[in-house]
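Asks: The structure file model37.cif (mmCIF, C-alpha atoms and all ligand atoms) is provided below.
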data_input
#
loop_
_atom_site.label_atom_id
_atom_site.label_comp_id
_atom_site.auth_asym_id
_atom_site.auth_seq_id
_atom_site.Cartn_x
_atom_site.Cartn_y
_atom_site.Cartn_z
CA MET A 1327 66.01 100.21 79.54
CA GLN A 1328 69.53 98.93 80.28
CA ASN A 1329 71.09 97.86 83.57
CA LYS A 1330 74.78 97.72 84.42
CA ARG A 1331 76.01 95.31 87.10
CA ILE A 1332 79.38 93.95 88.10
CA VAL A 1333 79.81 90.22 88.63
CA LEU A 1334 82.58 88.20 90.23
CA ALA A 1335 84.58 86.66 87.37
CA SER A 1336 87.36 84.83 89.24
CA ARG A 1337 88.59 84.21 92.77
CA PRO A 1338 91.33 86.75 93.46
CA SER A 1339 94.68 85.84 94.88
CA GLY A 1340 96.24 88.69 96.86
CA ARG A 1341 95.13 92.20 95.99
CA LEU A 1342 92.03 92.54 93.79
CA VAL A 1343 92.62 93.23 90.10
CA ASP A 1344 90.20 94.40 87.38
CA THR A 1345 90.02 90.95 85.78
CA ASP A 1346 88.52 89.51 88.97
CA PHE A 1347 85.29 91.27 87.92
CA GLU A 1348 83.23 91.64 84.74
CA THR A 1349 80.76 94.38 83.83
CA ARG A 1350 77.48 93.19 82.34
CA ASN A 1351 75.18 95.55 80.42
CA GLU A 1352 71.79 93.92 80.03
CA PRO A 1353 68.22 94.97 79.17
CA LEU A 1354 65.95 95.30 82.21
CA PRO A 1355 62.81 93.17 81.91
CA SER A 1356 59.45 94.70 82.91
CA LEU A 1357 58.83 94.73 86.63
CA VAL A 1358 56.82 91.67 87.75
CA GLU A 1359 53.84 91.75 90.13
CA GLY A 1360 54.88 91.53 93.82
CA LYS A 1361 58.18 93.40 93.40
CA ALA A 1362 59.51 96.97 93.39
CA ARG A 1363 62.30 98.39 91.25
CA VAL A 1364 65.16 100.16 93.06
CA ARG A 1365 67.66 102.55 91.49
CA VAL A 1366 70.87 102.29 93.51
CA VAL A 1367 72.39 105.62 94.61
CA TYR A 1368 75.35 104.52 96.77
CA VAL A 1369 77.08 101.21 97.36
CA SER A 1370 79.30 100.70 100.37
CA LEU A 1371 82.85 99.34 100.03
CA ASP A 1372 83.82 97.34 103.10
CA PRO A 1373 86.94 95.36 104.01
CA ALA A 1374 84.83 92.24 104.58
CA MET A 1375 84.08 92.12 100.83
CA ARG A 1376 87.61 90.81 100.29
CA GLY A 1377 86.60 87.77 102.36
CA TRP A 1378 83.30 87.30 100.50
CA VAL A 1379 85.13 86.77 97.17
CA SER A 1380 87.44 84.14 98.66
CA PRO A 1381 86.42 80.46 98.46
CA ALA A 1382 86.31 80.11 102.28
CA THR A 1383 83.07 78.51 103.45
CA ASN A 1384 83.79 78.71 107.19
CA SER A 1385 82.87 82.38 107.63
CA TYR A 1386 79.66 84.14 108.67
CA LEU A 1387 78.46 84.53 105.03
CA PRO A 1388 78.90 82.07 102.14
CA PRO A 1389 81.33 82.98 99.33
CA ILE A 1390 79.82 84.87 96.38
CA PRO A 1391 79.39 82.36 93.52
CA LEU A 1392 81.36 83.11 90.34
CA GLY A 1393 79.19 84.90 87.77
CA GLU A 1394 76.93 86.47 90.40
CA THR A 1395 76.52 90.19 91.14
CA MET A 1396 79.15 91.33 93.65
CA ARG A 1397 77.54 91.44 97.10
CA SER A 1398 77.58 94.80 98.87
CA LEU A 1399 75.53 96.99 101.12
CA GLY A 1400 73.94 99.99 99.49
CA ILE A 1401 71.05 102.41 99.42
CA GLY A 1402 68.68 103.43 96.67
CA ILE A 1403 65.31 104.82 95.78
CA VAL A 1404 62.19 102.96 94.66
CA THR A 1405 61.38 104.05 91.09
CA GLU A 1406 58.39 101.75 90.45
CA SER A 1407 56.34 99.48 92.67
CA ARG A 1408 54.00 96.57 92.00
CA CYS A 1409 53.84 95.39 95.61
CA GLU A 1410 52.44 96.31 99.03
CA GLY A 1411 54.83 97.94 101.48
CA LEU A 1412 57.13 99.70 99.01
CA SER A 1413 56.16 102.95 97.28
CA GLU A 1414 57.75 105.05 94.58
CA GLY A 1415 60.19 107.49 96.21
CA ASP A 1416 60.97 105.30 99.26
CA TRP A 1417 64.62 105.12 100.29
CA VAL A 1418 65.66 101.50 100.81
CA SER A 1419 68.88 100.17 102.29
CA GLY A 1420 70.51 96.75 102.70
CA PHE A 1421 72.31 94.25 100.46
CA THR A 1422 71.85 95.86 97.03
CA GLY A 1423 75.01 94.52 95.34
CA TRP A 1424 77.07 96.22 92.63
CA THR A 1425 74.23 97.04 90.26
CA GLU A 1426 72.45 100.12 88.95
CA TYR A 1427 68.99 98.59 89.40
CA LEU A 1428 67.51 95.67 91.30
CA ASP A 1429 63.99 94.33 91.67
CA VAL A 1430 63.08 93.33 95.22
CA GLU A 1431 60.25 91.81 97.21
CA PRO A 1432 59.00 93.69 100.29
CA GLY A 1433 61.31 92.99 103.24
CA ALA A 1434 64.42 92.35 101.14
CA LEU A 1435 65.63 95.90 101.86
CA ASN A 1436 64.72 98.23 104.74
CA VAL A 1437 62.75 101.43 104.14
CA VAL A 1438 64.64 104.21 105.94
CA PRO A 1439 63.41 107.67 107.04
CA GLN A 1440 64.31 110.63 104.85
CA ASN A 1441 65.04 113.01 107.73
CA VAL A 1442 68.86 112.82 107.36
CA PRO A 1443 71.04 113.09 104.23
CA MET A 1444 71.11 109.80 102.34
CA GLU A 1445 74.91 109.57 102.79
CA ALA A 1446 74.41 109.21 106.56
CA TYR A 1447 73.03 105.70 105.96
CA MET A 1448 76.37 104.74 104.47
CA GLY A 1449 78.27 106.05 107.49
CA VAL A 1450 77.12 106.92 110.95
CA PHE A 1451 73.66 105.31 110.47
CA GLY A 1452 75.09 102.40 108.50
CA LEU A 1453 77.29 99.39 109.18
CA ALA A 1454 80.20 101.53 110.44
CA GLY A 1455 78.14 103.33 113.08
CA ALA A 1456 76.40 100.17 114.20
CA THR A 1457 79.69 98.28 114.42
CA ALA A 1458 81.45 101.03 116.34
CA TYR A 1459 78.62 101.44 118.84
CA HIS A 1460 77.78 97.76 119.34
CA GLY A 1461 81.44 96.76 119.51
CA LEU A 1462 82.49 99.42 121.97
CA VAL A 1463 79.39 99.69 124.15
CA LYS A 1464 77.84 96.20 124.12
CA VAL A 1465 80.94 94.07 123.65
CA GLY A 1466 83.55 96.30 125.31
CA GLU A 1467 81.36 97.50 128.22
CA PRO A 1468 83.41 100.66 128.83
CA LYS A 1469 83.39 102.54 132.12
CA ARG A 1470 83.90 106.29 132.48
CA GLY A 1471 87.56 107.16 133.13
CA GLU A 1472 88.98 104.02 131.50
CA THR A 1473 91.69 104.15 128.83
CA LEU A 1474 90.76 102.95 125.36
CA CYS A 1475 93.02 102.20 122.41
CA VAL A 1476 91.62 101.74 118.88
CA THR A 1477 93.48 100.63 115.75
CA GLY A 1478 92.39 101.60 112.25
CA ALA A 1479 91.51 104.72 114.20
CA ALA A 1480 91.02 107.09 111.27
CA GLY A 1481 88.83 104.62 109.40
CA SER A 1482 85.09 104.55 109.22
CA VAL A 1483 84.59 102.25 112.22
CA GLY A 1484 87.66 103.35 114.21
CA SER A 1485 87.00 107.08 114.03
CA LEU A 1486 83.52 106.52 115.48
CA VAL A 1487 84.78 104.14 118.17
CA GLY A 1488 87.15 106.82 119.47
CA GLN A 1489 84.53 109.56 119.40
CA ILE A 1490 81.90 107.39 121.11
CA GLY A 1491 84.59 106.57 123.68
CA LYS A 1492 85.19 110.29 124.29
CA ALA A 1493 81.42 110.91 124.58
CA LEU A 1494 81.30 108.18 127.26
CA GLY A 1495 84.11 109.77 129.27
CA LEU A 1496 87.05 107.53 128.29
CA ARG A 1497 90.65 108.54 127.60
CA VAL A 1498 91.26 107.56 123.99
CA ILE A 1499 94.37 106.85 121.95
CA GLY A 1500 94.14 105.95 118.27
CA ILE A 1501 96.61 104.15 116.01
CA ALA A 1502 96.59 105.04 112.29
CA GLY A 1503 98.86 104.95 109.26
CA THR A 1504 99.74 108.59 108.43
CA LYS A 1505 100.60 111.81 110.25
CA ALA A 1506 97.67 113.57 108.57
CA LYS A 1507 95.28 110.94 109.91
CA CYS A 1508 96.80 111.17 113.41
CA ASP A 1509 96.49 114.98 113.35
CA TRP A 1510 92.84 114.68 112.26
CA LEU A 1511 92.10 112.34 115.18
CA VAL A 1512 93.55 114.67 117.79
CA ASN A 1513 92.80 118.10 116.32
CA GLU A 1514 89.38 117.47 114.75
CA LEU A 1515 87.86 114.47 116.49
CA GLY A 1516 89.07 115.10 120.04
CA PHE A 1517 91.12 111.92 120.59
CA ASP A 1518 93.54 112.44 123.51
CA ALA A 1519 96.48 111.06 121.52
CA ALA A 1520 97.34 109.25 118.31
CA LEU A 1521 100.24 107.10 117.10
CA ASN A 1522 101.43 106.42 113.57
CA TYR A 1523 102.10 102.68 113.35
CA LYS A 1524 104.44 103.22 110.39
CA THR A 1525 106.79 105.70 112.10
CA ASP A 1526 106.17 105.80 115.87
CA ASP A 1527 107.47 103.49 118.60
CA LEU A 1528 104.10 102.03 119.59
CA ASP A 1529 105.26 100.54 122.90
CA ALA A 1530 106.79 103.83 124.03
CA GLY A 1531 103.70 105.76 122.93
CA LEU A 1532 101.24 103.43 124.62
CA GLN A 1533 103.30 103.34 127.83
CA ALA A 1534 103.46 107.13 127.91
CA PHE A 1535 99.69 107.38 127.41
CA ALA A 1536 98.70 104.59 129.80
CA PRO A 1537 101.58 103.82 132.22
CA GLU A 1538 99.37 101.34 134.09
CA GLY A 1539 98.18 99.70 130.88
CA LEU A 1540 95.09 99.89 128.66
CA ASP A 1541 91.72 98.96 130.16
CA LEU A 1542 90.07 98.41 126.80
CA HIS A 1543 91.34 97.85 123.26
CA PHE A 1544 89.30 97.83 120.01
CA GLU A 1545 91.06 95.86 117.26
CA ASN A 1546 90.43 96.63 113.58
CA VAL A 1547 93.66 95.71 111.80
CA GLY A 1548 95.78 92.93 113.40
CA GLY A 1549 99.54 92.70 112.80
CA LYS A 1550 102.00 95.07 114.48
CA PRO A 1551 99.46 97.47 116.09
CA PHE A 1552 97.53 94.55 117.62
CA ALA A 1553 100.73 93.01 118.97
CA ALA A 1554 101.68 96.33 120.59
CA ALA A 1555 98.24 96.76 122.18
CA LEU A 1556 98.35 93.20 123.53
CA ARG A 1557 101.74 93.91 125.15
CA ASN A 1558 100.34 97.02 126.81
CA MET A 1559 97.08 95.78 128.34
CA LYS A 1560 96.30 96.22 132.02
CA ALA A 1561 95.59 93.05 134.05
CA PHE A 1562 91.96 91.96 133.47
CA GLY A 1563 91.74 94.24 130.41
CA ARG A 1564 89.20 93.60 127.63
CA ILE A 1565 89.86 93.42 123.91
CA VAL A 1566 87.07 93.81 121.33
CA MET A 1567 87.98 91.86 118.20
CA CYS A 1568 86.28 93.64 115.29
CA GLY A 1569 88.50 93.00 112.27
CA PHE A 1570 91.93 92.04 110.89
CA ILE A 1571 92.28 94.02 107.68
CA SER A 1572 96.06 93.43 107.57
CA VAL A 1573 95.54 89.80 106.57
CA TYR A 1574 92.43 89.96 104.33
CA ASN A 1575 94.51 89.99 101.13
CA GLY A 1576 96.25 86.81 102.19
CA ASP A 1577 99.33 88.63 103.52
CA SER A 1578 100.74 87.14 106.69
CA PRO A 1579 100.68 89.42 109.71
CA ASP A 1580 103.94 91.32 110.07
CA GLU A 1581 104.30 90.38 113.72
CA MET A 1582 102.89 87.38 115.57
CA PRO A 1583 101.41 88.70 118.82
CA ASP A 1584 102.58 87.24 122.11
CA MET A 1585 99.42 85.35 123.03
CA THR A 1586 100.85 84.42 126.45
CA ALA A 1587 99.82 87.97 127.50
CA ILE A 1588 96.22 86.75 127.50
CA VAL A 1589 97.02 84.40 130.39
CA ARG A 1590 99.65 86.50 132.14
CA ARG A 1591 97.33 89.55 132.13
CA ARG A 1592 94.08 87.56 132.49
CA LEU A 1593 92.60 89.28 129.45
CA THR A 1594 89.18 88.81 127.86
CA LEU A 1595 89.01 88.83 124.04
CA LYS A 1596 85.58 88.86 122.37
CA GLY A 1597 84.85 88.71 118.64
CA PHE A 1598 81.60 89.87 117.06
CA VAL A 1599 80.03 90.34 113.62
CA MET A 1600 77.33 92.96 113.12
CA THR A 1601 75.23 90.81 110.78
CA ASP A 1602 74.25 88.84 113.95
CA HIS A 1603 72.73 91.96 115.50
CA PHE A 1604 70.46 93.62 112.92
CA GLU A 1605 67.66 93.78 115.53
CA THR A 1606 69.71 96.19 117.66
CA TYR A 1607 70.09 98.80 114.88
CA PRO A 1608 67.12 101.02 115.96
CA GLU A 1609 68.43 101.29 119.53
CA ILE A 1610 71.97 101.96 118.28
CA PHE A 1611 70.93 104.62 115.76
CA LYS A 1612 68.83 106.38 118.43
CA ALA A 1613 71.93 106.61 120.66
CA LEU A 1614 74.16 107.71 117.77
CA GLY A 1615 71.56 110.30 116.68
CA GLU A 1616 71.65 111.83 120.15
CA MET A 1617 75.47 111.98 120.10
CA LEU A 1618 75.38 113.51 116.62
CA GLN A 1619 72.89 116.17 117.74
CA ALA A 1620 75.04 116.93 120.78
CA GLY A 1621 77.97 117.61 118.42
CA GLN A 1622 79.96 114.63 119.76
CA LEU A 1623 80.39 112.83 116.41
CA LYS A 1624 82.04 113.92 113.19
CA TYR A 1625 82.06 111.80 110.12
CA ARG A 1626 83.49 111.91 106.62
CA LEU A 1627 82.80 109.97 103.43
CA ASP A 1628 85.24 109.17 100.64
CA ILE A 1629 82.98 109.12 97.56
CA VAL A 1630 84.15 107.46 94.33
CA GLU A 1631 82.04 108.28 91.26
CA GLY A 1632 80.73 105.51 88.98
CA LEU A 1633 79.89 101.84 89.56
CA GLU A 1634 82.58 100.79 87.03
CA ASN A 1635 85.22 102.13 89.46
CA ALA A 1636 84.09 99.96 92.39
CA PRO A 1637 86.61 97.10 91.89
CA THR A 1638 89.64 99.42 91.77
CA ALA A 1639 88.30 101.60 94.59
CA LEU A 1640 88.01 98.62 96.94
CA ASN A 1641 91.82 98.49 97.09
CA LYS A 1642 91.88 101.93 98.73
CA LEU A 1643 90.84 100.21 101.96
CA PHE A 1644 93.98 98.10 101.83
CA ASP A 1645 96.52 100.81 100.95
CA GLY A 1646 94.99 103.27 103.42
CA SER A 1647 94.22 105.93 100.79
CA ASN A 1648 90.55 106.15 101.78
CA GLN A 1649 89.76 109.28 103.80
CA GLY A 1650 86.72 108.13 105.76
CA LYS A 1651 83.90 105.77 104.86
CA LEU A 1652 84.48 104.52 101.31
CA VAL A 1653 81.41 104.49 99.05
CA VAL A 1654 80.69 104.48 95.33
CA LYS A 1655 78.11 106.87 93.93
CA VAL A 1656 76.15 104.88 91.38
CA SER A 1657 73.54 107.49 90.42
CA ASP A 1658 72.26 110.92 91.49
CA LEU A 1659 69.62 111.09 94.17
N1 LIG A 1701 82.93 92.81 113.02
C1 LIG A 1701 82.13 93.49 112.20
O1 LIG A 1701 80.92 93.29 112.17
C2 LIG A 1701 82.71 94.52 111.30
C3 LIG A 1701 81.89 95.41 110.59
C4 LIG A 1701 82.51 96.41 109.80
C5 LIG A 1701 83.88 96.46 109.74
N2 LIG A 1701 84.63 95.55 110.43
C6 LIG A 1701 86.09 95.60 110.39
O2 LIG A 1701 86.52 96.85 110.87
C7 LIG A 1701 87.78 97.15 110.29
C8 LIG A 1701 87.72 98.57 109.71
O3 LIG A 1701 86.76 98.61 108.67
P1 LIG A 1701 86.29 100.00 108.04
O4 LIG A 1701 85.13 99.70 107.17
O5 LIG A 1701 86.15 101.00 109.11
O6 LIG A 1701 87.50 100.38 107.09
P2 LIG A 1701 88.39 101.70 107.17
O7 LIG A 1701 89.05 101.67 108.51
O8 LIG A 1701 87.57 102.88 106.79
O9 LIG A 1701 89.47 101.49 106.05
C9 LIG A 1701 90.45 100.53 106.21
C10 LIG A 1701 91.72 101.13 106.85
O10 LIG A 1701 92.50 100.07 107.38
C11 LIG A 1701 93.84 100.49 107.44
N3 LIG A 1701 94.72 99.40 107.01
C12 LIG A 1701 94.72 98.79 105.79
N4 LIG A 1701 95.68 97.84 105.74
C13 LIG A 1701 96.30 97.88 106.96
C14 LIG A 1701 97.38 97.15 107.53
N5 LIG A 1701 98.03 96.18 106.84
N6 LIG A 1701 97.75 97.45 108.79
C15 LIG A 1701 97.13 98.42 109.47
N7 LIG A 1701 96.10 99.15 109.00
C16 LIG A 1701 95.70 98.88 107.75
C17 LIG A 1701 94.00 101.71 106.52
O11 LIG A 1701 94.22 102.86 107.33
P3 LIG A 1701 95.72 103.33 107.74
O12 LIG A 1701 96.08 104.44 106.81
O13 LIG A 1701 95.53 103.76 109.16
O14 LIG A 1701 96.63 102.15 107.57
C18 LIG A 1701 92.63 101.82 105.84
O15 LIG A 1701 92.26 103.15 105.60
C19 LIG A 1701 88.06 96.07 109.23
O16 LIG A 1701 88.92 95.10 109.77
C20 LIG A 1701 86.68 95.48 108.99
O17 LIG A 1701 86.73 94.15 108.54
C21 LIG A 1701 84.08 94.59 111.20
#
Could the structure of this file be written out as structure tokens, please?
Ligand SMILES: NC(=O)c1ccc[n+]([C@@H]2O[C@H](COP(=O)([O-])OP(=O)(O)OC[C@H]3O[C@@H](n4cnc5c(N)ncnc54)[C@H](OP(=O)(O)O)[C@@H]3O)[C@@H](O)[C@H]2O)c1
Replies:
Amino acid sequence: MQNKRIVLASRPSGRLVDTDFETRNEPLPSLVEGKARVRVVYVSLDPAMRGWVSPATNSYLPPIPLGETMRSLGIGIVTESRCEGLSEGDWVSGFTGWTEYLDVEPGALNVVPQNVPMEAYMGVFGLAGATAYHGLVKVGEPKRGETLCVTGAAGSVGSLVGQIGKALGLRVIGIAGTKAKCDWLVNELGFDAALNYKTDDLDAGLQAFAPEGLDLHFENVGGKPFAAALRNMKAFGRIVMCGFISVYNGDSPDEMPDMTAIVRRRLTLKGFVMTDHFETYPEIFKALGEMLQAGQLKYRLDIVEGLENAPTALNKLFDGSNQGKLVVKVSDL
């Protein structure tokens, strides 16, 4: 039996290219006692992966060593077990990496219930859902009636942030990169308004939406949209710092925000990383499940077929061509 996996071959500079990765086709050894074999069905492509392949050692996870399987979240099915706690047919989710098969000890991946479609664990019941809920509710502490702005609004985290905001009684404006995405936010997801950061005057749009300023802002991208939000905060406003995708490829931000606003407007900025909060996932997914059942959340996946396409597909996050949560389908369920 053969296994295909993709390893990190070199440290990229700028946008990822094919030669940054190498595909290895290798025979799979027999499963050893104490482990279970997992066939990967989906792997998740996340902006943070661009940081994991950089040499930086001052982040929340160490860099992926050259020659090792590319780190990623994913979900799969147990095909053979020689250990307690994992049975054939179990769905298991966690850090699978870019591989068709992996052998794991109990506890390395989480067994997840099979009462929702498997894809849901890549989206609303995955990192995106957890990040959106934890960031908005626990970090942002929103209050009914407040105004919320979210950047990267049509993305996997941002689209959920806005919808959770609506479910909690906020007025929500989203900032995204195309007219089609802005239309989707307002017409399909129920955002109150949306701005296109490539064509709209963001200051004019934010002032029209929130003449007294934004109470709460959820930052996913950095650069020009972040600078505009910062300029349009209400005094004592809160900013949830979730991500800065505009700089992950090593590009410099296109506009340096006026940080004096933090003092002038007495703002609170709080950063967070979801890997610090795994223990809160059950509580979060219960709350998201209730919103989903109440029809308050919509979600879409952008599914790329074939593990070999993962390196190229990752760039979709950086040119904005992903339509929803970006995943790679590695095998059929
Ligand atoms: N703190 C955490 O624990 C945590 C966890 C997960 C994700 N995140 C962060 O959340 C953010 C969104 O992640 P996601 O997984 O939901 O990705 P996503 O939003 O589904 O996809 C990325 C989107 O970012 C936008 N974008 C790319 N380059 C941009 C630029 N230069 N300026 C403005 N927008 C740009 C694109 O949309 P447009 O077409 O609108 O430009 C693209 O579709 C990322 O910064 C990520 O690192 C943080």
Asks: Of the residues A:Cys1409, A:Cys1568, A:Ala1456, A:Met1559, which is the one nearest to Glu1472 in chain A, using only C-alpha atoms?
Replies: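 Ranking A:Cys1409, A:Cys1568, A:Ala1456, A:Met1559 by distance to Glu1472 in chain A, first place goes to A:Met1559.
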Asks: Pick the closest to Ser1572 in chain A from A:Leu1399, A:Leu1511, A:Ala1534, A:Ala1374: which is it, counting all atoms listed in the file?
Replies: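 Among the listed residues, the smallest separation from Ser1572 in chain A belongs to A:Ala1374.
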Asks: Please, which residues have at least one atom within 8 Å of an atom of ligand LIG 1701 (chain A), using all atoms listed in the file, listed as a ChimeraX atom specification?
Replies: /A:1371-1374,1453-1454,1457,1461,1477-1485,1501-1504,1507,1522-1523,1545-1551,1567-1573,1579,1597-1601,1642-1652
Asks: Could you list, as a ChimeraX atom specification, every residue within 7 Å of Asp1346 in chain A, counting all atoms listed in the file and ignoring same-chain residues fewer than 3 positions away?
Replies: /A:1334-1338,1342-1343
Asks: I'd like to know which of A:Asn1558, A:Ser1419, A:Thr1473, A:Gln1622 is closest to Leu1486 in chain A, using only C-alpha atoms.
Replies: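 With only C-alpha atoms as the atom set, the closest residue is A:Gln1622.
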Asks: Ranking A:Gly1452, A:Gly1563, A:Gly1377, A:Gly1433 by minimum distance to Ile1401 in chain A and counting only C-alpha atoms, which one comes first?
Replies: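 Closest candidate: A:Gly1452.
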Asks: Give me the residues near Arg1590 in chain A as a ChimeraX atom specification, where near means some atom within 10 Å (using only C-alpha atoms) and where sequence neighbours in that chain fewer than 4 positions away do not count.
Replies: /A:1561-1562,1585-1586
Asks: Can you tell me which residues surround Gly1455 in chain A at a distance of at most 9 Å, considering all atoms listed in the file, apart from same-chain residues fewer than 5 positions away, and format the answer as JSON, numbers by chain?
Replies: {"A": [1448, 1449, 1450, 1460, 1482, 1483, 1486, 1487, 1610, 1611, 1614]}
Asks: Interatomic distance between CA of Asn1441 in chain A and CA of Arg1408 in chain A?
Replies: 25.3 Å
Asks: Kindly give the distance, in Å, that separates CA of Phe1347 in chain A and CA of Leu1659 in chain A, rounded to a single decimal.
Replies: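 Answer for the CA of Phe1347 in chain A to CA of Leu1659 in chain A separation: 26.0 Å.
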Asks: Between A:Ala1587, A:Leu1633, A:Leu1528, A:Val1653, single out the one closest to Arg1331 in chain A, counting only C-alpha atoms.
Replies: A:Leu1633
Asks: How far is it from CA of Tyr1607 in chain A to CA of Val1476 in chain A, in Å with one decimal?
Replies: 22.1 Å
Asks: Pick from A:Glu1616, A:Asp1541, A:Asp1509, A:Asp1602: nearest to Leu1474 in chain A, with all atoms listed in the file counted?
Replies: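 Answer, going by the shortest atom-to-atom distance: A:Asp1541.
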